[in-house]
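Q: One file is attached below, target01.pdb, containing PDB, C-alpha atoms and all ligand atoms.
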ATOM      1  CA  MET A   1      -7.343   5.740 -22.785
ATOM      2  CA  ILE A   2      -6.433   4.463 -19.343
ATOM      3  CA  LYS A   3      -4.041   6.450 -17.160
ATOM      4  CA  LYS A   4      -0.613   4.955 -16.582
ATOM      5  CA  LEU A   5      -0.896   2.087 -14.123
ATOM      6  CA  VAL A   6       1.473   3.343 -11.439
ATOM      7  CA  PRO A   7       0.857   3.822  -7.705
ATOM      8  CA  TRP A   8      -1.123   6.892  -6.763
ATOM      9  CA  TRP A   9       1.710   8.233  -4.604
ATOM     10  CA  ILE A  10       4.130  11.131  -4.854
ATOM     11  CA  GLU A  11       5.714  10.353  -8.197
ATOM     12  CA  GLU A  12       9.312  10.752  -6.996
ATOM     13  CA  SER A  13       8.836   7.937  -4.460
ATOM     14  CA  ILE A  14       8.212   5.366  -7.173
ATOM     15  CA  PRO A  15      11.789   4.784  -8.462
ATOM     16  CA  PHE A  16      12.934   4.301  -4.857
ATOM     17  CA  VAL A  17      10.166   1.793  -4.150
ATOM     18  CA  GLU A  18      11.019   0.009  -7.395
ATOM     19  CA  SER A  19      14.652  -0.278  -6.302
ATOM     20  CA  LEU A  20      13.536  -2.196  -3.182
ATOM     21  CA  LEU A  21      11.464  -4.785  -5.048
ATOM     22  CA  ARG A  22      12.487  -8.324  -5.944
ATOM     23  CA  LYS A  23      10.747 -10.826  -8.158
ATOM     24  CA  ASP A  24      10.302 -13.291  -5.253
ATOM     25  CA  MET A  25       8.459 -10.868  -2.958
ATOM     26  CA  ILE A  26       5.033 -11.273  -1.369
ATOM     27  CA  VAL A  27       3.099  -8.009  -0.971
ATOM     28  CA  TYR A  28       0.028  -7.149   1.092
ATOM     29  CA  GLU A  29      -1.962  -4.054   0.159
ATOM     30  CA  TYR A  30      -4.774  -2.247   1.950
ATOM     31  CA  GLY A  31      -6.454  -0.125  -0.763
ATOM     32  CA  SER A  32      -6.365  -1.530  -4.299
ATOM     33  CA  GLY A  33      -5.739   0.500  -7.418
ATOM     34  CA  ARG A  34      -3.216   1.109 -10.148
ATOM     35  CA  SER A  35      -0.564   0.183  -7.580
ATOM     36  CA  THR A  36      -1.935  -3.373  -7.510
ATOM     37  CA  ILE A  37      -1.150  -3.812 -11.196
ATOM     38  CA  TRP A  38       2.225  -2.083 -10.960
ATOM     39  CA  PHE A  39       3.320  -4.363  -8.106
ATOM     40  CA  ALA A  40       1.957  -7.505  -9.758
ATOM     41  CA  GLU A  41       4.272  -6.826 -12.687
ATOM     42  CA  ARG A  42       7.299  -6.675 -10.389
ATOM     43  CA  VAL A  43       6.836  -9.202  -7.550
ATOM     44  CA  LYS A  44       5.797 -12.834  -7.052
ATOM     45  CA  LYS A  45       2.347 -12.128  -5.636
ATOM     46  CA  ILE A  46       0.209  -9.284  -4.334
ATOM     47  CA  TYR A  47      -2.709  -9.758  -1.963
ATOM     48  CA  THR A  48      -5.041  -6.770  -1.704
ATOM     49  CA  VAL A  49      -8.327  -5.676  -0.147
ATOM     50  CA  GLU A  50     -10.784  -3.193  -1.608
ATOM     51  CA  TYR A  51     -13.921  -1.692  -0.027
ATOM     52  CA  GLN A  52     -15.575  -0.424  -3.214
ATOM     53  CA  GLU A  53     -16.931  -3.255  -5.314
ATOM     54  CA  LYS A  54     -16.892  -1.232  -8.549
ATOM     55  CA  TRP A  55     -13.274  -0.268  -7.992
ATOM     56  CA  LYS A  56     -12.341  -3.890  -7.304
ATOM     57  CA  ASN A  57     -13.959  -4.820 -10.631
ATOM     58  CA  GLN A  58     -11.927  -2.121 -12.353
ATOM     59  CA  VAL A  59      -8.679  -3.462 -10.919
ATOM     60  CA  GLU A  60      -9.681  -7.003 -11.973
ATOM     61  CA  GLN A  61     -10.328  -5.776 -15.511
ATOM     62  CA  TRP A  62      -6.872  -4.237 -15.731
ATOM     63  CA  ALA A  63      -5.349  -7.473 -14.417
ATOM     64  CA  GLU A  64      -7.252  -9.514 -16.992
ATOM     65  CA  LYS A  65      -6.167  -7.245 -19.825
ATOM     66  CA  LYS A  66      -2.558  -7.690 -18.791
ATOM     67  CA  ASN A  67      -3.039 -11.412 -18.146
ATOM     68  CA  LEU A  68      -1.752 -11.058 -14.575
ATOM     69  CA  LYS A  69      -2.447 -14.162 -12.492
ATOM     70  CA  ASN A  70      -0.608 -13.190  -9.310
ATOM     71  CA  ILE A  71      -3.217 -10.873  -7.783
ATOM     72  CA  ASP A  72      -5.419 -12.069  -4.931
ATOM     73  CA  ILE A  73      -8.025  -9.342  -4.470
ATOM     74  CA  VAL A  74     -10.939  -9.447  -2.040
ATOM     75  CA  PHE A  75     -13.836  -7.106  -1.482
ATOM     76  CA  CYS A  76     -14.579  -6.143   2.117
ATOM     77  CA  GLU A  77     -16.803  -3.373   3.464
ATOM     78  CA  GLN A  78     -14.834  -0.696   5.292
ATOM     79  CA  LYS A  79     -17.222  -0.825   8.264
ATOM     80  CA  PRO A  80     -16.993  -2.468  10.647
ATOM     81  CA  SER A  81     -13.252  -1.984  10.360
ATOM     82  CA  ARG A  82     -12.126  -5.236  11.973
ATOM     83  CA  PRO A  83     -12.912  -7.680   9.131
ATOM     84  CA  TYR A  84     -11.366  -5.269   6.581
ATOM     85  CA  CYS A  85      -8.127  -5.035   8.591
ATOM     86  CA  GLN A  86      -8.084  -8.777   9.239
ATOM     87  CA  THR A  87      -8.173  -9.774   5.569
ATOM     88  CA  ILE A  88      -4.386  -9.998   5.897
ATOM     89  CA  ASN A  89      -4.798 -13.232   7.833
ATOM     90  CA  ARG A  90      -5.503 -15.122   4.594
ATOM     91  CA  VAL A  91      -1.816 -14.842   3.640
ATOM     92  CA  LYS A  92       0.174 -17.920   4.521
ATOM     93  CA  GLU A  93       3.541 -16.749   3.172
ATOM     94  CA  LYS A  94       5.994 -14.326   4.768
ATOM     95  CA  ILE A  95       5.023 -10.763   3.849
ATOM     96  CA  ASP A  96       7.955  -8.802   2.418
ATOM     97  CA  PHE A  97       6.139  -5.581   1.633
ATOM     98  CA  LEU A  98       3.089  -3.897   3.173
ATOM     99  CA  ILE A  99       1.125  -1.052   1.572
ATOM    100  CA  VAL A 100      -1.102   0.941   3.938
ATOM    101  CA  ASP A 101      -3.211   2.960   1.523
ATOM    102  CA  GLY A 102      -6.843   2.054   2.212
ATOM    103  CA  ARG A 103      -9.334   2.680   5.029
ATOM    104  CA  ASN A 104      -8.747   2.534   8.791
ATOM    105  CA  ARG A 105      -4.996   2.832   8.367
ATOM    106  CA  VAL A 106      -4.053   2.889  12.054
ATOM    107  CA  GLU A 107      -6.099  -0.187  12.918
ATOM    108  CA  CYS A 108      -4.959  -1.999   9.778
ATOM    109  CA  TYR A 109      -1.291  -1.428  10.532
ATOM    110  CA  LYS A 110      -1.706  -2.608  14.121
ATOM    111  CA  THR A 111      -3.569  -5.697  12.911
ATOM    112  CA  ALA A 112      -0.915  -6.387  10.279
ATOM    113  CA  LEU A 113       1.966  -6.228  12.761
ATOM    114  CA  LYS A 114       1.805  -9.866  13.832
ATOM    115  CA  TYR A 115       1.996 -10.980  10.185
ATOM    116  CA  LEU A 116       5.130  -8.948   9.431
ATOM    117  CA  SER A 117       8.824  -9.574   9.978
ATOM    118  CA  ASP A 118      11.572  -7.141  10.995
ATOM    119  CA  LYS A 119      12.491  -6.877   7.335
ATOM    120  CA  THR A 120       9.057  -6.053   5.966
ATOM    121  CA  ILE A 121       9.135  -2.810   3.993
ATOM    122  CA  VAL A 122       6.123  -0.565   4.579
ATOM    123  CA  VAL A 123       4.613   2.211   2.479
ATOM    124  CA  LEU A 124       2.307   4.591   4.331
ATOM    125  CA  ASP A 125       0.693   7.048   1.961
ATOM    126  CA  ASP A 126      -0.681  10.398   3.151
ATOM    127  CA  SER A 127       1.733  10.107   6.041
ATOM    128  CA  GLN A 128       1.469  13.869   6.694
ATOM    129  CA  ARG A 129      -1.915  13.250   8.404
ATOM    130  CA  SER A 130      -1.613  13.727  12.144
ATOM    131  CA  LYS A 131      -4.020  10.837  12.750
ATOM    132  CA  TYR A 132      -1.317   8.460  11.412
ATOM    133  CA  ARG A 133       1.324   9.633  13.905
ATOM    134  CA  GLU A 134       0.913   6.478  15.974
ATOM    135  CA  VAL A 135       1.691   4.281  12.961
ATOM    136  CA  LYS A 136       4.776   6.314  12.159
ATOM    137  CA  GLU A 137       6.016   6.064  15.729
ATOM    138  CA  LEU A 138       5.608   2.295  15.715
ATOM    139  CA  LEU A 139       7.416   2.001  12.394
ATOM    140  CA  LEU A 140      10.284   4.239  13.465
ATOM    141  CA  LYS A 141      11.106   1.939  16.377
ATOM    142  CA  ASP A 142      13.069  -0.308  14.050
ATOM    143  CA  LYS A 143      12.989   1.209  10.568
ATOM    144  CA  ILE A 144      14.135   4.344   8.865
ATOM    145  CA  GLU A 145      11.826   6.583   6.903
ATOM    146  CA  LYS A 146      12.304   8.096   3.501
ATOM    147  CA  SER A 147       9.553  10.408   2.363
ATOM    148  CA  TRP A 148       8.488  12.634  -0.492
ATOM    149  CA  SER A 149       6.107  15.574  -0.139
ATOM    150  CA  ALA A 150       3.933  17.574  -2.463
ATOM    151  CA  PRO A 151       4.776  21.296  -2.607
ATOM    152  CA  LEU A 152       3.387  23.597   0.085
ATOM    153  CA  ARG A 153      -0.109  24.922  -0.567
ATOM    154  CA  ASP A 154      -1.206  28.542  -0.036
ATOM    155  CA  ASN A 155      -2.353  27.667   3.481
ATOM    156  CA  GLY A 156       1.175  26.511   4.348
ATOM    157  CA  LYS A 157       0.183  22.843   4.509
ATOM    158  CA  ARG A 158       1.244  19.982   2.314
ATOM    159  CA  SER A 159      -1.495  18.115   0.534
ATOM    160  CA  LYS A 160       0.311  14.811   0.435
ATOM    161  CA  LYS A 161       3.321  12.867   1.644
ATOM    162  CA  THR A 162       4.366   9.344   0.760
ATOM    163  CA  SER A 163       6.635   7.523   3.220
ATOM    164  CA  VAL A 164       8.603   4.324   2.885
ATOM    165  CA  PHE A 165       9.853   2.621   6.047
ATOM    166  CA  TYR A 166      12.599   0.083   5.679
ATOM    167  CA  ASP A 167      15.363  -1.728   7.467
ATOM    168  CA  ASN A 168      18.400   0.320   8.453
ATOM    169  CA  GLU A 169      20.778  -2.207   6.900
ATOM    170  CA  LYS A 170      19.530  -1.364   3.422
ATOM    171  CA  GLU A 171      20.931   2.173   3.640
TER     172      GLU A 171
HETATM  173  C1  LIG B   1      -5.565   6.036  -1.948
HETATM  174  S1  LIG B   1      -6.641   5.005  -2.863
HETATM  175  C2  LIG B   1      -5.665   3.549  -3.107
HETATM  176  C3  LIG B   1      -4.796   3.720  -4.255
HETATM  177  C4  LIG B   1      -3.924   2.578  -4.671
HETATM  178  N1  LIG B   1      -3.185   1.942  -3.578
HETATM  179  C5  LIG B   1      -2.957   3.140  -5.693
HETATM  180  O1  LIG B   1      -1.872   3.622  -5.301
HETATM  181  O2  LIG B   1      -3.297   3.113  -6.870
HETATM  182  C6  LIG B   1      -7.764   4.515  -1.611
HETATM  183  C7  LIG B   1      -9.106   4.093  -2.151
HETATM  184  O3  LIG B   1      -9.572   5.043  -3.057
HETATM  185  C8  LIG B   1     -10.406   4.412  -4.009
HETATM  186  N2  LIG B   1      -9.975   4.800  -5.349
HETATM  187  C9  LIG B   1      -8.749   4.911  -5.815
HETATM  188  N3  LIG B   1      -8.729   5.409  -7.066
HETATM  189  C10 LIG B   1      -9.997   5.622  -7.402
HETATM  190  C11 LIG B   1     -10.619   6.117  -8.559
HETATM  191  N4  LIG B   1      -9.925   6.526  -9.619
HETATM  192  N5  LIG B   1     -11.962   6.162  -8.567
HETATM  193  C12 LIG B   1     -12.648   5.763  -7.509
HETATM  194  N6  LIG B   1     -12.114   5.300  -6.363
HETATM  195  C13 LIG B   1     -10.795   5.218  -6.315
HETATM  196  C14 LIG B   1     -10.342   2.915  -3.754
HETATM  197  O4  LIG B   1     -11.486   2.529  -3.036
HETATM  198  C15 LIG B   1      -9.103   2.776  -2.891
HETATM  199  O5  LIG B   1      -9.166   1.718  -1.997
END
Would you encode the structure as structure tokens?
Ligand SMILES: C[S@@+](CC[C@H](N)C(=O)[O-])C[C@H]1O[C@@H](n2cnc3c(N)ncnc32)[C@H](O)[C@@H]1O

A:
Amino acid sequence: MIKKLVPWWIEESIPFVESLLRKDMIVYEYGSGRSTIWFAERVKKIYTVEYQEKWKNQVEQWAEKKNLKNIDIVFCEQKPSRPYCQTINRVKEKIDFLIVDGRNRVECYKTALKYLSDKTIVVLDDSQRSKYREVKELLLKDKIEKSWSAPLRDNGKRSKKTSVFYDNEKE
């Protein structure tokens, strides 16, 4: 039995993300997975990059089983980081939604910036990590953040936080 094909994020974030989606949207995703399938069922097209060949094959198998034709998935090694981050340059349409959930998240977001518009919605998963502070600061210049966290652990830290950054006007 396969697990439910939903994004691997804090569960409570998913209905909110779903409420932002439209059937005509173009999505770019760093880090393929169950999310790729979930988005493909709800938007016009999802482009994604994966650094593990076996995992890419798994995602392709799910897509085939569901007869989804709107997924453009490429394999790219995670090192060196530049080609992985630059896979976004194959998209010719306007990107409505960006998912930063793969490798080299800071570099990927900075690379993606010139392909995004003011209205692009961004999901940054594991946003509690201090190494992603720079990405959050860039995003908060013109977007608002809504986030969901896992409960505190014994050591007082949170294991996971999923953040969605979106245009103020949507609130
Ligand atoms: C945080 S995951 C990406 C998850 C994806 N965006 C989702 O929400 O379903 C980052 C990387 O972990 C790897 N990965 C995810 N799930 C995996 C699994 N069940 N087994 C092996 N690798 C996995 C993939 O290489 C993926 O790019």

Q: Starting from the PyMOL selection byres (((chain A and resi 107-124) around 7) and not hetatm), expand the selection into actual residues of this file and give them as a list in words.

A: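 The output of the PyMOL selection byres (((chain A and resi 107-124) around 7) and not hetatm) on this file is Cys85, Gln86, Ile88, Ile95, Asp96, Phe97, Leu98, Ile99, Val100, Asp101, Asn104, Arg105, Val106, Asp125, Asp126, Ser127, Val135, Thr162, Ser163, Val164, Phe165, Tyr166 and Asp167 of chain A.
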
Q: Give me, please, the distance in Å between atom CA of Lys161 of chain A and atom CA of Val43 of chain A, quoted to one decimal.

A: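 One can read the atom CA of Lys161 of chain A to atom CA of Val43 of chain A distance as 24.2 Å.
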
Q: Could you state the separation of atom CA of Glu60 of chain A and atom O5 of ligand LIG 1 (chain B) in Å, given to one decimal place?

A: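 Spanning atom CA of Glu60 of chain A to atom O5 of ligand LIG 1 (chain B) is a straight-line distance of 13.3 Å.
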
Q: Distance limit 6 Å, reference ligand LIG 1 (chain B), atoms considered: all atoms listed in the file. Which residues make the cut? Give them as a list in words.

A: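 Sorted by chain and then by number, the residues are Pro7, Trp8, Trp9, Gly31, Ser32, Gly33, Arg34, Ser35, Glu50, Tyr51, Gln52, Trp55, Asp101 and Gly102 of chain A.
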
Q: Which residue is closest to Val59 of chain A? Choose from A:Ile10, A:Ala40, A:Leu140, A:Val27 and count all atoms listed in the file.

A: A:Ala40

Q: Just how far from atom CA of Glu12 of chain A is atom CA of Ser147 of chain A, in Å to one decimal?

A: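 The value is 9.4 Å.
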
Q: Got a sec: who's within 12 Å of Arg90 of chain A, counting all atoms listed in the file, leaving out chain neighbours fewer than 6 positions off, as a list in words?

A: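 Here the qualifying residues turn out to be Tyr28, Tyr47, Thr48, Val49, Asp72, Ile73, Val74, Pro83, Tyr84, Ala112 and Tyr115 of chain A.
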
Q: If the PyMOL selection byres (((chain A and resi 25) around 6) and not hetatm) were run on this exact file, what residues would it hold? Put them as a ChimeraX atom specification.

A: /A:22-24,26,43-44,96
